[in-house]
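Below is one structure, written out as structure tokens; the observations come after it.
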Amino acid sequence: MSRRRFSSDHVFFSYLTLSGTSIVAILAGIVVVVGLQSRENINRTGITEFITGTTWDPVAGIFGALPAIYGTILTSLIAIIIAVPLGFGSAIFISEFAPPRIGVVFSVFIDLLASIPSVVYGLFGLFTFAPFMREHVQPLLQGAFGKLPVFQGPPLGVGFLTAGILLSIMILPIITSVSREVLKAVPTPEREAGIALGLTRFELVRGVLFPLSRSGLFGATILALGRALGETMAVTMVIGNRYEVSSSLFAPGHTLSAVIANEFTEAGTPQYLSALAGLALILMGITLLVNVIARILVLRITGATR
Amino acid sequence: MFRHNKKTHLWLERTLQAKTLVLIALNILGVSGTLACKGDKGSGTGVSSFASVSKDVTIQGAGATFQYPLMSKWTQEYNRQNPNVRINYQSVGSGAGIRQLIAGTVHFGSSDAPMTDEQLKEAKMPVLHIPVTLGAVAVIVNLKEIGDRPLRLDGTILADIFLGKITKWNDPKIAQINPEVPLPDKAIAVVHRSDGSGTTFIFADFLAKSSEEWRTKVGVSTSLNWPVGLGAKGNEGVSGQVLQMPYSIGYVELTYALQNKLNVAHIKNPSGEYVPPSLETVEKAATIATSLPEDLRVFITNADAPMAYPISSFSWVIVYRDQKDCAIATALARFLWWAVHDGQQFSAPLHYAPLPKEMAERCEQKIRQITCEGKPVL
Amino acid sequence: MKLLSISRKLLRIASSKRRFLNSLFSLGVVLSAILVVAPLFIILVSVAIKGGRALNLDFFLSLPKAVGESGGGIAHAIVGTLFMVGTGLLFSIPIGVASGVFLATTSNKRLSAIVRTSADCLAGVPSIVTGLFVYALLVVPFKRFSGFAGAVALSIIMLPTITRTTEEVVRMVPHDLFESAIALGAKRWQAVFRVVLPTAGRGILAGLIGAASRAMGETAPLMFTAFGSHFLNLNPFEPVSAIPLVIFNYAISPYEDWQQKAWAASLVLTFLVLGGIIVSRRLVYGRFG
């Protein structure tokens, strides 16, 4: 009987299980360390006041997270809305439209987009993209849709919209490459059946490819959303860093990770540090929420337990 | 247990003998090295006064981004003259530098703002503030109507602009002191720092001295709750933003304004003069520092001296007075001595103002206070 | 007759409507492809213009010089990056690959769901937070910054990617392979370790390279772990430099010479990462998939 307990199989699979649990442990460790760090501020401010407060005053010691939460969610949402159609469209382009050679070249371009460091995106955003937005795009939008509340305010170049678009460029490669994989994985019989029925490319995508790759596309979106939520360097250069909630897309704002990155090195008082840790906790909470919701939705759609 | 044959045995013995000899030799050299260290302690100016340290030493430092270019020049020069002393300075920010010093992960910190009383309490052990260079905060504007002409501003107006009370360029208060300048009827776009920084601290200190409302409403710190304006990251962020955005105003370290050829404002000082930021005017501000408190923690903003630029500041290196590692303490003390004497010749080409000659003596006193195992290291 | 001509007309309209929609769609797709690629060129061109001049052999082989002095390079940063990513891999491979295999082979649905969710959440933790975590654990207690701490931070960042890609790739190995190995008398662990894994090997390697490529571009977590250094340092328990740190430090300086170096270093980093991605693709598909 003791032989069975320590069989090589048992050892090996125990090692696998241990590795898996160590990932959970690392995540738990991070959450615990950050959570402990944020306790001081929570004790002073209270959780609801912290999440709903709108002032961030390090000198007076008043910390409210709402504008940062708003900015994080808004910019990520803009990024997803732009990047998912474009990314899936490019994936379709590679797999259905482009001749193989061009498809390969195009894939390399997408990879190149993914290789650019975020610092470079940030500098590009500040020195090239924001002025472009300020001088051309924003006036255009205001001229056409000026009445809408989302396009109010002077064109500054930096703001939610610019940050959202920059983020979308950064998450495009993820969506494109994962969609590419998913499209490749569509079983050939299904695809050929569609072609045999005389479907146009559009109908093929709409009726066959898209339904079959929906859950994979969804996974890609979640991955991309995760990246967008946590992106720091590039966003902080173009968001305007103004701690305010605003309904206008042209307004400057702030995000959770930008606040942390900007102020962590200079946070002098323990309460200040603790407030920043609180922001990190909220960010991780949002990420967890997104992942859990995604998992539940996937369960509903596919009925699978993966 | 071991299976030597005769050959191995012989080899082992010989190696052991060789190793012992080497160890003894090293020890002798080491000892003589330390003896040489207690070379003559002339009040003279430089490296030649001290015999070189024979042991390889690496010193870690962290702090203000403002000091980074000058520090990198210093550490390289010093390493060239003393190849066995390597000083690694990383610009993580003034506050971070102080925190790392308190945490004990670096040997010295540097900062544009001296440690606060709370931070001193946290440090538990006494620290020394040694000013090594001077900085100035330039107010930069992007006003094409003004061309190359300087804009005049004073502390009250600046505070009102950054408080959001003055919103247009052609506001009567600004026009009053700039009679020859055609000010446009445009909104002022305020740009400030989004990240905590010593530059902000110095600027806010000046504004607080000029405006009671600023002092009570916003305060003085490295990170502030700005009433109006956009935040840009880093000095380069602010200068980049102001360069791009017409009708904007911002504040950056002097070097950035000079390098980017931005239009800097002339600021009114307590003597009533409108002074541009430059190496000379900053040095003038530092001359009031001779009547200094003992610990050299002092602000020279709004310095009341002729032709002094009112938004100037010292930049300090901060070290613990009582060190544990003597080799490092000695090397560090010598480096600092060199920096406040010989090192000052490198300041001007890099747009840093050199310390006034009177300061060098005060610095020397401070550096001599560094001790290791109860004895001063110099 | 009339019916036939009417139905023919209807068919023509129907087919032209279909064709119209198809053309619209095709246009949209091509447009999105162009929109995706355009910013790439704009960014690359502006980086190349700003930094190209600083690229020469000296740049890769020499150590940094103070501002104002010509020459100098980022050799210390290249070594530092390679060292930390390599060491990070040493930590994350045993845990990551094993976890991936675990997720793919285990029948414990509860635990695997927890592990999978944890890996996804870990992927979403902002890298600066990971850096601060490692700072609290490995820097403060020992009172020193180290390349080792930087490597640990990078390994945590690489972990989720390695785990998930390994899981996906191992899942794709046909179950028959596993079963034939068992049928031939192998123990379960032998079947996994010596048959399934090697088959999935290329995919796993691709995942490793992909993760490493991402880690090479990380700045924030290294600021408070590896700290950065001006010197070439081979001691893992002392501060070490890295390419993204150099880019960051130089880019925010006011000196044109340094800014140029920052752009040049960005080019170097971009193509290092790109190289990694292309190699990993090649491994998986045997061509530039």
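Scheme for the structure tokens: letters A, B, ... for chains in order shown; per-chain residue numbers from 1; ligand numbers from 1 in order shown.
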
**Prompt:** Contacts of region 107-123 of chain C at 10 Å or less, counting only C-alpha atoms, minus same-chain residues fewer than 4 places along, as JSON, numbers by chain?
**Reply:** {"A": [17, 19, 20, 21, 22, 23, 24, 25, 26, 27, 28, 30, 222, 223, 226, 227, 230, 284, 285, 286, 287, 288, 289, 290, 291, 292, 295, 305, 306], "C": [96, 99, 100, 102, 103, 127, 130, 156, 157, 158, 159, 160, 161, 162, 163, 164, 167]}

**Message:** I'd like the contact shell of region 63-77 of chain B - 6 Å cut-off, only C-alpha atoms, skipping same-chain residues fewer than 4 positions apart - returned as a list in words.
**Reply:**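 Using only C-alpha atoms, the neighbours found are Ile87, Ser91, Val92, Gly93, Ser94, Gly97, Gly109, Ser110 and Ser111 of chain B; Ala66 of chain C.
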
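Near chain C, the residues of chain B that fall inside 7 Å (using only C-alpha atoms) are Pro69, Ser72, Lys73, Gln76, Asn88, Gln90, Ala103, Gly104, Thr105, Gly234, Glu236, Thr255, Tyr256 and Gln259 of chain B.
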
**Prompt:** chain B residues within 8 Å of chain A, counting only C-alpha atoms: which ones, as an MDAnalysis selection string?
**Reply:** chainID B and resid 92:96 99 119 194:197 218:225 229:233 237 240:241 244:245

**Spatial neighbours of region 201-212 of chain A, 8 Å, only C-alpha atoms, chain gap at least 3 places, as a VMD selection string** = (chain A and resid 96 183 186 190 to 191 194 to 195 215) or (chain C and resid 21 to 22 25 to 26)

**Fill in**
Using only C-alpha atoms, the residue out of A:Thr72, A:Thr255, A:Thr200, A:Thr54 with shortest distance to chain C is A:Thr200

**Request:** Name the residues in contact with Ile165 (chain A) at a cut-off of 9 Å, using only C-alpha atoms, excluding same-chain residues fewer than 3 positions from it; report them as a list in words.
**Result:**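 These residues fall inside the cut-off: Thr75, Ile78, Ala79, Ile82, Ala83, Phe160, Leu161, Thr162, Ser168, Ile169 and Met170 of chain A.
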
Using only N, CA and C atoms, please write the residues we just selected to a file, as a PDB file, in the first residue's frame.
```
ATOM      1  N   THR A  75     -11.829  54.350 -20.874  1.00  0.00           N
ATOM      2  CA  THR A  75     -10.803  54.197 -21.908  1.00  0.00           C
ATOM      3  C   THR A  75     -10.729  52.760 -22.406  1.00  0.00           C
ATOM      4  N   ILE A  78     -13.679  52.181 -24.769  1.00  0.00           N
ATOM      5  CA  ILE A  78     -13.441  52.778 -26.083  1.00  0.00           C
ATOM      6  C   ILE A  78     -12.475  51.902 -26.870  1.00  0.00           C
ATOM      7  N   ALA A  79     -11.420  51.461 -26.180  1.00  0.00           N
ATOM      8  CA  ALA A  79     -10.421  50.646 -26.856  1.00  0.00           C
ATOM      9  C   ALA A  79     -11.030  49.369 -27.411  1.00  0.00           C
ATOM     10  N   ILE A  82     -13.350  49.921 -30.458  1.00  0.00           N
ATOM     11  CA  ILE A  82     -12.624  50.161 -31.699  1.00  0.00           C
ATOM     12  C   ILE A  82     -11.852  48.933 -32.133  1.00  0.00           C
ATOM     13  N   ALA A  83     -11.187  48.277 -31.179  1.00  0.00           N
ATOM     14  CA  ALA A  83     -10.231  47.247 -31.563  1.00  0.00           C
ATOM     15  C   ALA A  83     -10.878  45.935 -31.982  1.00  0.00           C
ATOM     16  N   PHE A 160      -9.856  61.421 -22.808  1.00  0.00           N
ATOM     17  CA  PHE A 160     -10.359  60.042 -22.817  1.00  0.00           C
ATOM     18  C   PHE A 160     -10.310  59.440 -24.215  1.00  0.00           C
ATOM     19  N   LEU A 161     -10.786  60.206 -25.196  1.00  0.00           N
ATOM     20  CA  LEU A 161     -10.876  59.658 -26.544  1.00  0.00           C
ATOM     21  C   LEU A 161      -9.498  59.292 -27.085  1.00  0.00           C
ATOM     22  N   THR A 162      -8.549  60.230 -26.939  1.00  0.00           N
ATOM     23  CA  THR A 162      -7.204  59.965 -27.438  1.00  0.00           C
ATOM     24  C   THR A 162      -6.592  58.742 -26.750  1.00  0.00           C
ATOM     25  N   SER A 168      -6.474  51.213 -28.114  1.00  0.00           N
ATOM     26  CA  SER A 168      -6.999  50.263 -29.090  1.00  0.00           C
ATOM     27  C   SER A 168      -5.895  49.803 -30.035  1.00  0.00           C
ATOM     28  N   ILE A 169      -4.994  50.747 -30.411  1.00  0.00           N
ATOM     29  CA  ILE A 169      -3.869  50.362 -31.258  1.00  0.00           C
ATOM     30  C   ILE A 169      -3.018  49.325 -30.547  1.00  0.00           C
ATOM     31  N   MET A 170      -2.872  49.501 -29.230  1.00  0.00           N
ATOM     32  CA  MET A 170      -1.995  48.598 -28.501  1.00  0.00           C
ATOM     33  C   MET A 170      -2.588  47.215 -28.309  1.00  0.00           C
TER      34      MET A 170
END
```

Dump as JSON lines the rows for residues of region 4-109 of chain C within 12 Å of region 103-122 of chain A: closest atom pair and distance in Å with one decimal, only C-alpha atoms counted, ordered by chain and rising residue number.
```
{"residue": "C:Val30", "atom": "CA", "partner": "A:Phe106", "partner_atom": "CA", "distance": 11.7}
{"residue": "C:Ala33", "atom": "CA", "partner": "A:Phe106", "partner_atom": "CA", "distance": 8.6}
{"residue": "C:Ile34", "atom": "CA", "partner": "A:Phe106", "partner_atom": "CA", "distance": 10.0}
{"residue": "C:Leu35", "atom": "CA", "partner": "A:Ile110", "partner_atom": "CA", "distance": 11.6}
{"residue": "C:Val36", "atom": "CA", "partner": "A:Ile110", "partner_atom": "CA", "distance": 8.0}
{"residue": "C:Val37", "atom": "CA", "partner": "A:Phe109", "partner_atom": "CA", "distance": 6.8}
{"residue": "C:Ala38", "atom": "CA", "partner": "A:Phe109", "partner_atom": "CA", "distance": 9.9}
{"residue": "C:Pro39", "atom": "CA", "partner": "A:Leu113", "partner_atom": "CA", "distance": 8.6}
{"residue": "C:Leu40", "atom": "CA", "partner": "A:Leu113", "partner_atom": "CA", "distance": 5.9}
{"residue": "C:Phe41", "atom": "CA", "partner": "A:Phe109", "partner_atom": "CA", "distance": 9.1}
{"residue": "C:Ile42", "atom": "CA", "partner": "A:Leu113", "partner_atom": "CA", "distance": 11.0}
{"residue": "C:Ile43", "atom": "CA", "partner": "A:Tyr121", "partner_atom": "CA", "distance": 7.8}
{"residue": "C:Leu44", "atom": "CA", "partner": "A:Ile116", "partner_atom": "CA", "distance": 8.6}
{"residue": "C:Ser46", "atom": "CA", "partner": "A:Val120", "partner_atom": "CA", "distance": 10.3}
{"residue": "C:Val47", "atom": "CA", "partner": "A:Val120", "partner_atom": "CA", "distance": 8.1}
{"residue": "C:Ala48", "atom": "CA", "partner": "A:Val120", "partner_atom": "CA", "distance": 11.6}
{"residue": "C:Lys50", "atom": "CA", "partner": "A:Val120", "partner_atom": "CA", "distance": 11.7}
{"residue": "C:Gly51", "atom": "CA", "partner": "A:Val120", "partner_atom": "CA", "distance": 11.7}
```

Export of prior selection with N, CA, C and O atoms as a short mmCIF file (atom, residue, chain, number, x, y, z; two decimals), in the first residue's frame:
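Saved result, result13.cif, follows:
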```cif
data_model
loop_
_atom_site.label_atom_id
_atom_site.label_comp_id
_atom_site.auth_asym_id
_atom_site.auth_seq_id
_atom_site.Cartn_x
_atom_site.Cartn_y
_atom_site.Cartn_z
N VAL C 30 -10.96 45.35 -45.81
CA VAL C 30 -9.69 45.90 -46.31
C VAL C 30 -9.37 47.21 -45.59
O VAL C 30 -8.23 47.48 -45.21
N ALA C 33 -7.99 46.55 -42.29
CA ALA C 33 -6.60 46.10 -42.39
C ALA C 33 -5.67 47.29 -42.54
O ALA C 33 -4.62 47.37 -41.90
N ILE C 34 -6.08 48.23 -43.40
CA ILE C 34 -5.23 49.42 -43.61
C ILE C 34 -5.13 50.24 -42.33
O ILE C 34 -4.05 50.66 -41.91
N LEU C 35 -6.28 50.44 -41.67
CA LEU C 35 -6.29 51.22 -40.44
C LEU C 35 -5.40 50.60 -39.37
O LEU C 35 -4.81 51.30 -38.57
N VAL C 36 -5.32 49.30 -39.38
CA VAL C 36 -4.51 48.63 -38.38
C VAL C 36 -3.03 48.83 -38.66
O VAL C 36 -2.23 49.02 -37.76
N VAL C 37 -2.68 48.80 -39.93
CA VAL C 37 -1.27 48.86 -40.28
C VAL C 37 -0.71 50.27 -40.34
O VAL C 37 0.46 50.51 -40.07
N ALA C 38 -1.60 51.23 -40.67
CA ALA C 38 -1.13 52.61 -40.82
C ALA C 38 -0.38 53.15 -39.60
O ALA C 38 0.72 53.66 -39.74
N PRO C 39 -0.97 53.05 -38.39
CA PRO C 39 -0.23 53.60 -37.24
C PRO C 39 1.12 52.94 -37.06
O PRO C 39 2.08 53.57 -36.58
N LEU C 40 1.22 51.67 -37.45
CA LEU C 40 2.49 50.98 -37.31
C LEU C 40 3.58 51.72 -38.07
O LEU C 40 4.65 52.00 -37.54
N PHE C 41 3.27 52.05 -39.33
CA PHE C 41 4.28 52.72 -40.13
C PHE C 41 4.60 54.09 -39.59
O PHE C 41 5.76 54.50 -39.55
N ILE C 42 3.54 54.80 -39.17
CA ILE C 42 3.78 56.14 -38.65
C ILE C 42 4.72 56.08 -37.45
O ILE C 42 5.68 56.84 -37.35
N ILE C 43 4.43 55.16 -36.54
CA ILE C 43 5.25 55.07 -35.34
C ILE C 43 6.67 54.64 -35.69
O ILE C 43 7.64 55.28 -35.27
N LEU C 44 6.78 53.57 -36.46
CA LEU C 44 8.11 53.06 -36.77
C LEU C 44 8.96 54.09 -37.49
O LEU C 44 10.15 54.27 -37.21
N SER C 46 8.69 57.34 -37.39
CA SER C 46 9.14 58.44 -36.54
C SER C 46 10.20 57.98 -35.56
O SER C 46 11.15 58.71 -35.27
N VAL C 47 10.11 56.75 -35.06
CA VAL C 47 11.16 56.24 -34.17
C VAL C 47 12.47 56.11 -34.92
O VAL C 47 13.54 56.48 -34.44
N ALA C 48 12.38 55.59 -36.15
CA ALA C 48 13.59 55.39 -36.94
C ALA C 48 14.25 56.72 -37.26
O ALA C 48 15.46 56.86 -37.18
N LYS C 50 14.05 59.47 -35.53
CA LYS C 50 14.63 60.10 -34.35
C LYS C 50 15.83 59.34 -33.82
O LYS C 50 16.72 59.92 -33.21
N GLY C 51 15.87 58.04 -34.01
CA GLY C 51 16.92 57.29 -33.33
C GLY C 51 17.93 56.66 -34.25
O GLY C 51 18.98 56.23 -33.82
#
```

**Request:** Would you mind listing what lies within 8 Å of region 281-288 of chain B as a list in words, with only C-alpha atoms counted and same-chain residues fewer than 2 positions away left out?
**Result:**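 Non-adjacent residues within range: Leu134, Gly135, Ala136, Val275, Pro276, Pro277, Ser278, Leu279, Thr290, Ser291, Ile300, Thr301, Ala303, Asp304, Ala305, Pro306, Met307, Ala308, Tyr309, Pro310, Ser312, Ser313, Phe314, Ala353, Pro354, Leu355 and Pro356 of chain B.
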
Selected residues written out with C-alpha atoms, as a PDB file, in the first residue's frame:
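The resulting file, out-v3.pdb, is reproduced below:
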```
ATOM      1  CA  LEU B 134      21.291  74.475  -7.370  1.00  0.00           C
ATOM      2  CA  GLY B 135      18.167  74.326  -9.440  1.00  0.00           C
ATOM      3  CA  ALA B 136      15.571  76.694 -10.750  1.00  0.00           C
ATOM      4  CA  VAL B 275      14.289  88.321 -13.197  1.00  0.00           C
ATOM      5  CA  PRO B 276      14.733  85.591 -15.803  1.00  0.00           C
ATOM      6  CA  PRO B 277      15.978  82.185 -14.661  1.00  0.00           C
ATOM      7  CA  SER B 278      19.625  81.647 -15.465  1.00  0.00           C
ATOM      8  CA  LEU B 279      22.707  80.250 -13.806  1.00  0.00           C
ATOM      9  CA  THR B 290      24.987  81.796   4.229  1.00  0.00           C
ATOM     10  CA  SER B 291      22.754  82.667   7.136  1.00  0.00           C
ATOM     11  CA  ILE B 300      15.687  79.849  -1.040  1.00  0.00           C
ATOM     12  CA  THR B 301      12.488  80.569  -2.925  1.00  0.00           C
ATOM     13  CA  ALA B 303      15.158  85.061  -2.004  1.00  0.00           C
ATOM     14  CA  ASP B 304      15.542  88.717  -1.119  1.00  0.00           C
ATOM     15  CA  ALA B 305      18.753  89.508  -2.923  1.00  0.00           C
ATOM     16  CA  PRO B 306      19.466  91.709  -5.952  1.00  0.00           C
ATOM     17  CA  MET B 307      18.924  89.953  -9.259  1.00  0.00           C
ATOM     18  CA  ALA B 308      17.992  86.765  -7.502  1.00  0.00           C
ATOM     19  CA  TYR B 309      15.616  84.427  -9.266  1.00  0.00           C
ATOM     20  CA  PRO B 310      12.759  83.777  -6.891  1.00  0.00           C
ATOM     21  CA  SER B 312      15.309  78.608  -7.020  1.00  0.00           C
ATOM     22  CA  SER B 313      16.280  75.761  -4.788  1.00  0.00           C
ATOM     23  CA  PHE B 314      19.123  73.712  -3.528  1.00  0.00           C
ATOM     24  CA  ALA B 353      24.321  76.570 -11.180  1.00  0.00           C
ATOM     25  CA  PRO B 354      27.501  75.936  -9.178  1.00  0.00           C
ATOM     26  CA  LEU B 355      27.324  76.256  -5.401  1.00  0.00           C
ATOM     27  CA  PRO B 356      28.453  79.622  -4.076  1.00  0.00           C
TER      28      PRO B 356
END
```

**Message:** Among region 24-196 of chain C, which residues does DSSP mark as helix (DSSP H, G or I) when it is run on the backbone? Keep the chain and numbering as in the structure and answer as a PyMOL selection string.
**Reply:** chain C and resi 24-54+57-61+75-105+109-124+127-139+147-172+175-183+188-196

**Request:** Could you give me the residues within region 96-258 of chain B that DSSP places in strand (DSSP E), as a PyMOL selection string?
**Result:** chain B and resi 108-111+127-141+152-153+189-193+230-232+248-253

Go ahead and write the selection's residues with N, CA and C atoms as an mmCIF file, in the first residue's frame.
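And here's out39.cif as it stands now:
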```
data_model
loop_
_atom_site.group_PDB
_atom_site.id
_atom_site.type_symbol
_atom_site.label_atom_id
_atom_site.label_comp_id
_atom_site.auth_asym_id
_atom_site.auth_seq_id
_atom_site.Cartn_x
_atom_site.Cartn_y
_atom_site.Cartn_z
ATOM 1 N N PHE B 108 22.916 56.502 -0.383
ATOM 2 C CA PHE B 108 22.573 57.906 -0.248
ATOM 3 C C PHE B 108 21.340 58.209 -1.073
ATOM 4 N N GLY B 109 20.612 59.211 -0.647
ATOM 5 C CA GLY B 109 19.449 59.643 -1.414
ATOM 6 C C GLY B 109 19.699 61.056 -1.866
ATOM 7 N N SER B 110 18.964 61.492 -2.881
ATOM 8 C CA SER B 110 19.096 62.890 -3.264
ATOM 9 C C SER B 110 17.711 63.448 -3.497
ATOM 10 N N SER B 111 17.557 64.724 -3.234
ATOM 11 C CA SER B 111 16.217 65.288 -3.289
ATOM 12 C C SER B 111 16.254 66.779 -3.531
ATOM 13 N N VAL B 127 20.426 62.084 9.974
ATOM 14 C CA VAL B 127 20.883 62.201 8.592
ATOM 15 C C VAL B 127 21.544 63.552 8.398
ATOM 16 N N LEU B 128 22.322 63.638 7.330
ATOM 17 C CA LEU B 128 22.975 64.897 6.965
ATOM 18 C C LEU B 128 22.466 65.341 5.604
ATOM 19 N N HIS B 129 22.101 66.602 5.512
ATOM 20 C CA HIS B 129 21.689 67.159 4.221
ATOM 21 C C HIS B 129 22.862 67.937 3.659
ATOM 22 N N ILE B 130 23.361 67.514 2.516
ATOM 23 C CA ILE B 130 24.512 68.189 1.920
ATOM 24 C C ILE B 130 24.094 68.755 0.572
ATOM 25 N N PRO B 131 24.000 70.078 0.459
ATOM 26 C CA PRO B 131 23.615 70.636 -0.843
ATOM 27 C C PRO B 131 24.736 70.437 -1.849
ATOM 28 N N VAL B 132 24.412 69.933 -3.010
ATOM 29 C CA VAL B 132 25.453 69.680 -4.006
ATOM 30 C C VAL B 132 25.298 70.528 -5.249
ATOM 31 N N THR B 133 24.101 71.046 -5.479
ATOM 32 C CA THR B 133 23.931 71.893 -6.647
ATOM 33 C C THR B 133 22.682 72.738 -6.463
ATOM 34 N N LEU B 134 22.429 73.575 -7.446
ATOM 35 C CA LEU B 134 21.291 74.475 -7.370
ATOM 36 C C LEU B 134 20.382 74.263 -8.564
ATOM 37 N N GLY B 135 19.095 74.455 -8.336
ATOM 38 C CA GLY B 135 18.167 74.326 -9.440
ATOM 39 C C GLY B 135 17.225 75.498 -9.502
ATOM 40 N N ALA B 136 16.587 75.661 -10.627
ATOM 41 C CA ALA B 136 15.571 76.694 -10.750
ATOM 42 C C ALA B 136 14.392 76.126 -11.500
ATOM 43 N N VAL B 137 13.224 76.654 -11.155
ATOM 44 C CA VAL B 137 12.026 76.246 -11.877
ATOM 45 C C VAL B 137 11.650 77.383 -12.805
ATOM 46 N N ALA B 138 11.628 77.105 -14.090
ATOM 47 C CA ALA B 138 11.289 78.129 -15.069
ATOM 48 C C ALA B 138 9.807 78.041 -15.399
ATOM 49 N N VAL B 139 9.177 79.214 -15.557
ATOM 50 C CA VAL B 139 7.787 79.239 -15.991
ATOM 51 C C VAL B 139 7.788 79.421 -17.502
ATOM 52 N N ILE B 140 7.238 78.456 -18.206
ATOM 53 C CA ILE B 140 7.288 78.500 -19.670
ATOM 54 C C ILE B 140 5.904 78.809 -20.238
ATOM 55 N N VAL B 141 5.893 79.579 -21.319
ATOM 56 C CA VAL B 141 4.615 79.926 -21.952
ATOM 57 C C VAL B 141 4.696 79.698 -23.454
ATOM 58 N N ARG B 152 6.229 89.181 -18.264
ATOM 59 C CA ARG B 152 6.499 89.409 -16.848
ATOM 60 C C ARG B 152 5.356 88.859 -16.014
ATOM 61 N N LEU B 153 5.721 88.160 -14.983
ATOM 62 C CA LEU B 153 4.700 87.631 -14.071
ATOM 63 C C LEU B 153 5.192 87.768 -12.646
ATOM 64 N N ALA B 189 -4.293 77.859 -20.985
ATOM 65 C CA ALA B 189 -4.292 76.414 -20.775
ATOM 66 C C ALA B 189 -3.183 76.083 -19.781
ATOM 67 N N VAL B 190 -3.587 75.672 -18.597
ATOM 68 C CA VAL B 190 -2.619 75.410 -17.530
ATOM 69 C C VAL B 190 -2.099 73.976 -17.628
ATOM 70 N N VAL B 191 -0.786 73.815 -17.541
ATOM 71 C CA VAL B 191 -0.195 72.479 -17.538
ATOM 72 C C VAL B 191 0.632 72.335 -16.268
ATOM 73 N N HIS B 192 0.391 71.243 -15.544
ATOM 74 C CA HIS B 192 1.190 70.980 -14.341
ATOM 75 C C HIS B 192 1.716 69.563 -14.405
ATOM 76 N N ARG B 193 2.434 69.145 -13.381
ATOM 77 C CA ARG B 193 2.987 67.794 -13.353
ATOM 78 C C ARG B 193 1.936 66.809 -12.867
ATOM 79 N N LEU B 230 -4.111 70.562 -16.934
ATOM 80 C CA LEU B 230 -3.783 69.211 -17.368
ATOM 81 C C LEU B 230 -2.541 68.753 -16.651
ATOM 82 N N GLY B 231 -2.455 67.446 -16.464
ATOM 83 C CA GLY B 231 -1.244 66.906 -15.873
ATOM 84 C C GLY B 231 -0.400 66.271 -16.957
ATOM 85 N N ALA B 232 0.884 66.547 -16.955
ATOM 86 C CA ALA B 232 1.782 65.883 -17.890
ATOM 87 C C ALA B 232 2.869 65.200 -17.097
ATOM 88 N N SER B 248 -0.625 77.995 -23.749
ATOM 89 C CA SER B 248 -0.466 77.214 -22.524
ATOM 90 C C SER B 248 0.643 77.792 -21.663
ATOM 91 N N ILE B 249 0.588 77.397 -20.389
ATOM 92 C CA ILE B 249 1.610 77.820 -19.433
ATOM 93 C C ILE B 249 1.972 76.628 -18.576
ATOM 94 N N GLY B 250 3.254 76.523 -18.238
ATOM 95 C CA GLY B 250 3.664 75.390 -17.417
ATOM 96 C C GLY B 250 4.914 75.744 -16.641
ATOM 97 N N TYR B 251 5.415 74.756 -15.864
ATOM 98 C CA TYR B 251 6.647 74.991 -15.114
ATOM 99 C C TYR B 251 7.552 73.775 -15.265
ATOM 100 N N VAL B 252 8.811 74.037 -15.548
ATOM 101 C CA VAL B 252 9.764 72.941 -15.710
ATOM 102 C C VAL B 252 11.105 73.347 -15.113
ATOM 103 N N GLU B 253 11.952 72.356 -14.920
ATOM 104 C CA GLU B 253 13.305 72.677 -14.502
ATOM 105 C C GLU B 253 14.013 73.469 -15.584
#
```

**Message:** Using only C-alpha atoms for the distances, tell me which of C:Ile74, C:Ala200, C:Val169, C:Leu177 is nearest to Pro244 (chain C).
**Reply:**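 Of the candidates, the smallest distance to Pro244 (chain C) is held by C:Ile74.
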
With only C-alpha atoms as the counted atoms, please give the residues lying no more than 8 Å from Trp214 (chain B), apart from itself and same-chain residues fewer than 5 positions off, as a PDB file with N, CA and C atoms, in the first residue's frame.
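Produced file around_9.pdb, reproduced below:
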```pdb
ATOM      1  N   ALA B 159      -0.088  82.410  -8.929  1.00  0.00           N
ATOM      2  CA  ALA B 159      -0.952  81.611  -8.055  1.00  0.00           C
ATOM      3  C   ALA B 159      -2.390  81.671  -8.547  1.00  0.00           C
ATOM      4  N   LEU B 163      -4.663  78.717  -9.748  1.00  0.00           N
ATOM      5  CA  LEU B 163      -5.858  78.452  -8.948  1.00  0.00           C
ATOM      6  C   LEU B 163      -7.104  78.493  -9.822  1.00  0.00           C
ATOM      7  N   LEU B 207       4.663  79.653  -4.749  1.00  0.00           N
ATOM      8  CA  LEU B 207       3.280  80.128  -4.826  1.00  0.00           C
ATOM      9  C   LEU B 207       2.700  80.338  -3.433  1.00  0.00           C
ATOM     10  N   ALA B 208       3.035  79.460  -2.512  1.00  0.00           N
ATOM     11  CA  ALA B 208       2.504  79.585  -1.158  1.00  0.00           C
ATOM     12  C   ALA B 208       3.043  80.833  -0.482  1.00  0.00           C
ATOM     13  N   GLY B 219      -1.655  74.143  -0.862  1.00  0.00           N
ATOM     14  CA  GLY B 219      -0.576  73.693  -0.009  1.00  0.00           C
ATOM     15  C   GLY B 219       0.724  73.456  -0.763  1.00  0.00           C
TER      16      GLY B 219
END
```
